[in-house]
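Enquirer: For reference, the structure I am asking about is given below.
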Amino acid sequence: MSPAELRDLIVASLDDRKGRSILALDVTKLTDVTDYMVLASGTSARHVRSLVDNLRETARRCAVRVLGIEGADTGTWVLVDLGDVVVHVMQAETRAFYDLERLWSDAGAARGEASGAPERDGVLA
């Protein structure tokens, strides 16, 4: 599976569980660590954990190896490392405080809201 296909799979998985403010960033020109960073918000700790659980199950079904998960116990900010894609799922307050969008503002982006298919605003590939 290509990094772009993995990114799309992740966005669909988060959207499936009503993830909010889903944002995919192409960071290939900014870091060698990963190709894409995906950010999403959950409405509560339970919702954040549900988004991550669904993502983990989707990865398993598609034979994608999860390299690591951090923060799942609190549900405030969970990081899921899938190699070519790193996913940050946070509660809205945490996301606003750390403002990763601004930190990675030079990256190309695609935005998608939880209702309906993700809407593409930027160039990803």
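In the structure tokens, the first chain shown is A, the next is B, and so on; residue numbers restart at 1 for each chain, and ligands run from 1 in the order shown.
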Among chain A, which residues carry a DSSP assignment of helix (DSSP H, G or I), reported as a PyMOL selection string?
Expert: chain A and resi 3-16+45-61+92-98+100-103
Enquirer: Hey, which of A:Leu82, A:Ile10, A:Thr94, A:Ala63 ends up closest to Ala24 in chain A? Count only C-alpha atoms.
Expert: A:Ile10
Enquirer: Quick one: residues within 10 Å of Val89 in chain A, only C-alpha atoms, excluding same-chain residues fewer than 4 positions away - as a list in words?
Expert: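 Listing them by chain and then by number gives Leu14, Gly19, Arg20, Ile22, Val38, Leu39, Ala40, Ser41, Gly42, His47, Val48, Arg49, Leu51, Val52, Gly71, Ala72, Gly75, Thr76, Trp77, Val78, Leu79, Val80, Thr94 and Arg95 of chain A.
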Enquirer: Find the spatial neighbours of Thr58 in chain A, counting only C-alpha atoms, within a cut-off of 10 Å - ignore same-chain residues fewer than 2 positions away - and output them as a PyMOL selection string.
Expert: chain A and resi 9-10+12-14+52-56+60-64
Enquirer: Convert the current residue selection to file output with N, CA, C and O atoms, as an mmCIF file, in the first residue's frame.
Expert:
data_model
loop_
_atom_site.group_PDB
_atom_site.id
_atom_site.type_symbol
_atom_site.label_atom_id
_atom_site.label_comp_id
_atom_site.auth_asym_id
_atom_site.auth_seq_id
_atom_site.Cartn_x
_atom_site.Cartn_y
_atom_site.Cartn_z
ATOM 1 N N LEU A 9 -6.925 5.702 3.609
ATOM 2 C CA LEU A 9 -7.538 4.676 4.459
ATOM 3 C C LEU A 9 -7.747 5.212 5.877
ATOM 4 O O LEU A 9 -8.804 5.019 6.482
ATOM 5 N N ILE A 10 -6.753 5.908 6.395
ATOM 6 C CA ILE A 10 -6.831 6.477 7.742
ATOM 7 C C ILE A 10 -7.915 7.544 7.816
ATOM 8 O O ILE A 10 -8.730 7.556 8.739
ATOM 9 N N ALA A 12 -10.525 7.867 5.954
ATOM 10 C CA ALA A 12 -11.831 7.200 5.862
ATOM 11 C C ALA A 12 -12.205 6.537 7.182
ATOM 12 O O ALA A 12 -13.364 6.596 7.614
ATOM 13 N N SER A 13 -11.237 5.909 7.849
ATOM 14 C CA SER A 13 -11.492 5.256 9.129
ATOM 15 C C SER A 13 -11.916 6.276 10.185
ATOM 16 O O SER A 13 -12.866 6.045 10.942
ATOM 17 N N LEU A 14 -11.231 7.400 10.242
ATOM 18 C CA LEU A 14 -11.573 8.448 11.207
ATOM 19 C C LEU A 14 -12.931 9.054 10.881
ATOM 20 O O LEU A 14 -13.737 9.326 11.769
ATOM 21 N N VAL A 52 -9.421 5.767 17.680
ATOM 22 C CA VAL A 52 -8.162 5.017 17.625
ATOM 23 C C VAL A 52 -8.426 3.513 17.524
ATOM 24 O O VAL A 52 -7.758 2.812 16.756
ATOM 25 N N ASP A 53 -9.404 3.007 18.264
ATOM 26 C CA ASP A 53 -9.737 1.581 18.180
ATOM 27 C C ASP A 53 -10.176 1.208 16.767
ATOM 28 O O ASP A 53 -9.780 0.166 16.241
ATOM 29 N N ASN A 54 -10.998 2.056 16.147
ATOM 30 C CA ASN A 54 -11.439 1.787 14.782
ATOM 31 C C ASN A 54 -10.265 1.845 13.810
ATOM 32 O O ASN A 54 -10.159 1.015 12.902
ATOM 33 N N LEU A 55 -9.375 2.792 14.017
ATOM 34 C CA LEU A 55 -8.184 2.902 13.173
ATOM 35 C C LEU A 55 -7.311 1.660 13.311
ATOM 36 O O LEU A 55 -6.838 1.101 12.316
ATOM 37 N N ARG A 56 -7.127 1.204 14.534
ATOM 38 C CA ARG A 56 -6.333 -0.002 14.782
ATOM 39 C C ARG A 56 -6.964 -1.221 14.097
ATOM 40 O O ARG A 56 -6.273 -2.022 13.462
ATOM 41 N N ARG A 60 -5.465 -3.498 11.010
ATOM 42 C CA ARG A 60 -5.340 -4.953 11.118
ATOM 43 C C ARG A 60 -5.987 -5.651 9.928
ATOM 44 O O ARG A 60 -5.400 -6.537 9.315
ATOM 45 N N ARG A 61 -7.213 -5.210 9.577
ATOM 46 C CA ARG A 61 -7.927 -5.815 8.447
ATOM 47 C C ARG A 61 -7.177 -5.641 7.130
ATOM 48 O O ARG A 61 -7.276 -6.488 6.249
ATOM 49 N N CYS A 62 -6.449 -4.552 7.012
ATOM 50 C CA CYS A 62 -5.732 -4.251 5.762
ATOM 51 C C CYS A 62 -4.261 -4.658 5.828
ATOM 52 O O CYS A 62 -3.479 -4.288 4.950
ATOM 53 N N ALA A 63 -3.893 -5.411 6.850
ATOM 54 C CA ALA A 63 -2.521 -5.905 7.035
ATOM 55 C C ALA A 63 -1.504 -4.769 7.096
ATOM 56 O O ALA A 63 -0.397 -4.882 6.590
ATOM 57 N N VAL A 64 -1.884 -3.672 7.748
ATOM 58 C CA VAL A 64 -0.982 -2.547 7.975
ATOM 59 C C VAL A 64 -0.474 -2.659 9.403
ATOM 60 O O VAL A 64 -1.271 -2.763 10.344
#
Enquirer: Between A:Tyr36, A:Glu101, A:Ser44, A:Glu5, single out the one closest to Asp84 in chain A, counting only C-alpha atoms.
Expert: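 Of A:Tyr36, A:Glu101, A:Ser44, A:Glu5, the one nearest Asp84 in chain A is A:Tyr36, counting only C-alpha atoms.
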Enquirer: Choose the residue, out of A:Met1, A:Ala59, A:Met37, A:Leu67, that has the smallest atom-to-atom separation from His88 in chain A; count only C-alpha atoms.
Expert: A:Met37
Enquirer: Would you mind reading off the distance between CA of Ser21 in chain A and CA of Asp81 in chain A, one decimal, in Å?
Expert: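 Spanning CA of Ser21 in chain A to CA of Asp81 in chain A is a straight-line distance of 19.5 Å.
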Enquirer: In terms of the shortest atom-to-atom distance over only C-alpha atoms, which of A:Arg46, A:Ala92, A:Trp104, A:Gly83 is closest to Arg65 in chain A?
Expert: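 Comparing A:Arg46, A:Ala92, A:Trp104, A:Gly83 against Arg65 in chain A, the winner is A:Gly83.
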Enquirer: At what distance in Å, to one decimal, does CA of Val86 in chain A lie from CA of Val27 in chain A?
Expert: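 It comes out at 10.3 Å.
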Enquirer: So how many Å separate CA of Thr43 in chain A and CA of Leu100 in chain A, to one decimal?
Expert: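 So the answer is 17.8 Å.
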Enquirer: Find, counting only C-alpha atoms, the residue in A:Val87, A:Val33, A:Arg7, A:Ala96 that gets nearest to Ile69 in chain A.
Expert: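 Among the listed residues, A:Val87 lies closest to Ile69 in chain A.
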Enquirer: For the structure I just gave you, how does DSSP split chain A - specifically, which residues are strand (DSSP E or B)? Reply as a PDB file with C-alpha atoms, in the first residue's frame.
Expert:
ATOM      1  CA  ARG A  20     -13.937  15.984  13.595  1.00  0.00           C
ATOM      2  CA  SER A  21     -11.758  18.457  11.701  1.00  0.00           C
ATOM      3  CA  ILE A  22      -9.766  15.737   9.957  1.00  0.00           C
ATOM      4  CA  LEU A  23      -6.636  17.205   8.406  1.00  0.00           C
ATOM      5  CA  ALA A  24      -4.006  15.356   6.372  1.00  0.00           C
ATOM      6  CA  LEU A  25      -0.630  17.030   5.935  1.00  0.00           C
ATOM      7  CA  ASP A  26       1.982  16.080   3.357  1.00  0.00           C
ATOM      8  CA  TYR A  36       1.940  12.224   6.062  1.00  0.00           C
ATOM      9  CA  MET A  37       0.608  13.492   9.347  1.00  0.00           C
ATOM     10  CA  VAL A  38      -3.114  13.118   9.974  1.00  0.00           C
ATOM     11  CA  LEU A  39      -4.845  15.149  12.687  1.00  0.00           C
ATOM     12  CA  ALA A  40      -8.367  14.584  13.969  1.00  0.00           C
ATOM     13  CA  SER A  41     -10.434  15.675  16.937  1.00  0.00           C
ATOM     14  CA  GLY A  42     -12.759  13.708  19.154  1.00  0.00           C
ATOM     15  CA  GLY A  68       3.212   2.181  18.162  1.00  0.00           C
ATOM     16  CA  ILE A  69       0.396   3.866  20.050  1.00  0.00           C
ATOM     17  CA  GLU A  70       0.960   6.458  22.774  1.00  0.00           C
ATOM     18  CA  TRP A  77      -4.042  12.998  22.799  1.00  0.00           C
ATOM     19  CA  VAL A  78      -3.327   9.669  21.130  1.00  0.00           C
ATOM     20  CA  LEU A  79      -0.495   9.238  18.652  1.00  0.00           C
ATOM     21  CA  VAL A  80      -0.641   6.276  16.270  1.00  0.00           C
ATOM     22  CA  ASP A  81       2.542   5.508  14.308  1.00  0.00           C
ATOM     23  CA  VAL A  85       1.634   8.053   8.267  1.00  0.00           C
ATOM     24  CA  VAL A  86       1.585   9.365  11.836  1.00  0.00           C
ATOM     25  CA  VAL A  87      -1.863  10.045  13.271  1.00  0.00           C
ATOM     26  CA  HIS A  88      -2.697  12.461  16.100  1.00  0.00           C
ATOM     27  CA  VAL A  89      -6.200  12.106  17.560  1.00  0.00           C
ATOM     28  CA  MET A  90      -6.964  14.716  20.211  1.00  0.00           C
ATOM     29  CA  GLN A  91      -9.748  16.312  22.143  1.00  0.00           C
ATOM     30  CA  GLY A 108       0.184  20.828   1.977  1.00  0.00           C
ATOM     31  CA  ALA A 109      -3.145  19.879   3.520  1.00  0.00           C
ATOM     32  CA  ALA A 110      -6.470  18.208   2.904  1.00  0.00           C
ATOM     33  CA  ARG A 111      -9.367  18.947   5.222  1.00  0.00           C
ATOM     34  CA  GLY A 112     -12.369  16.744   5.792  1.00  0.00           C
TER      35      GLY A 112
END
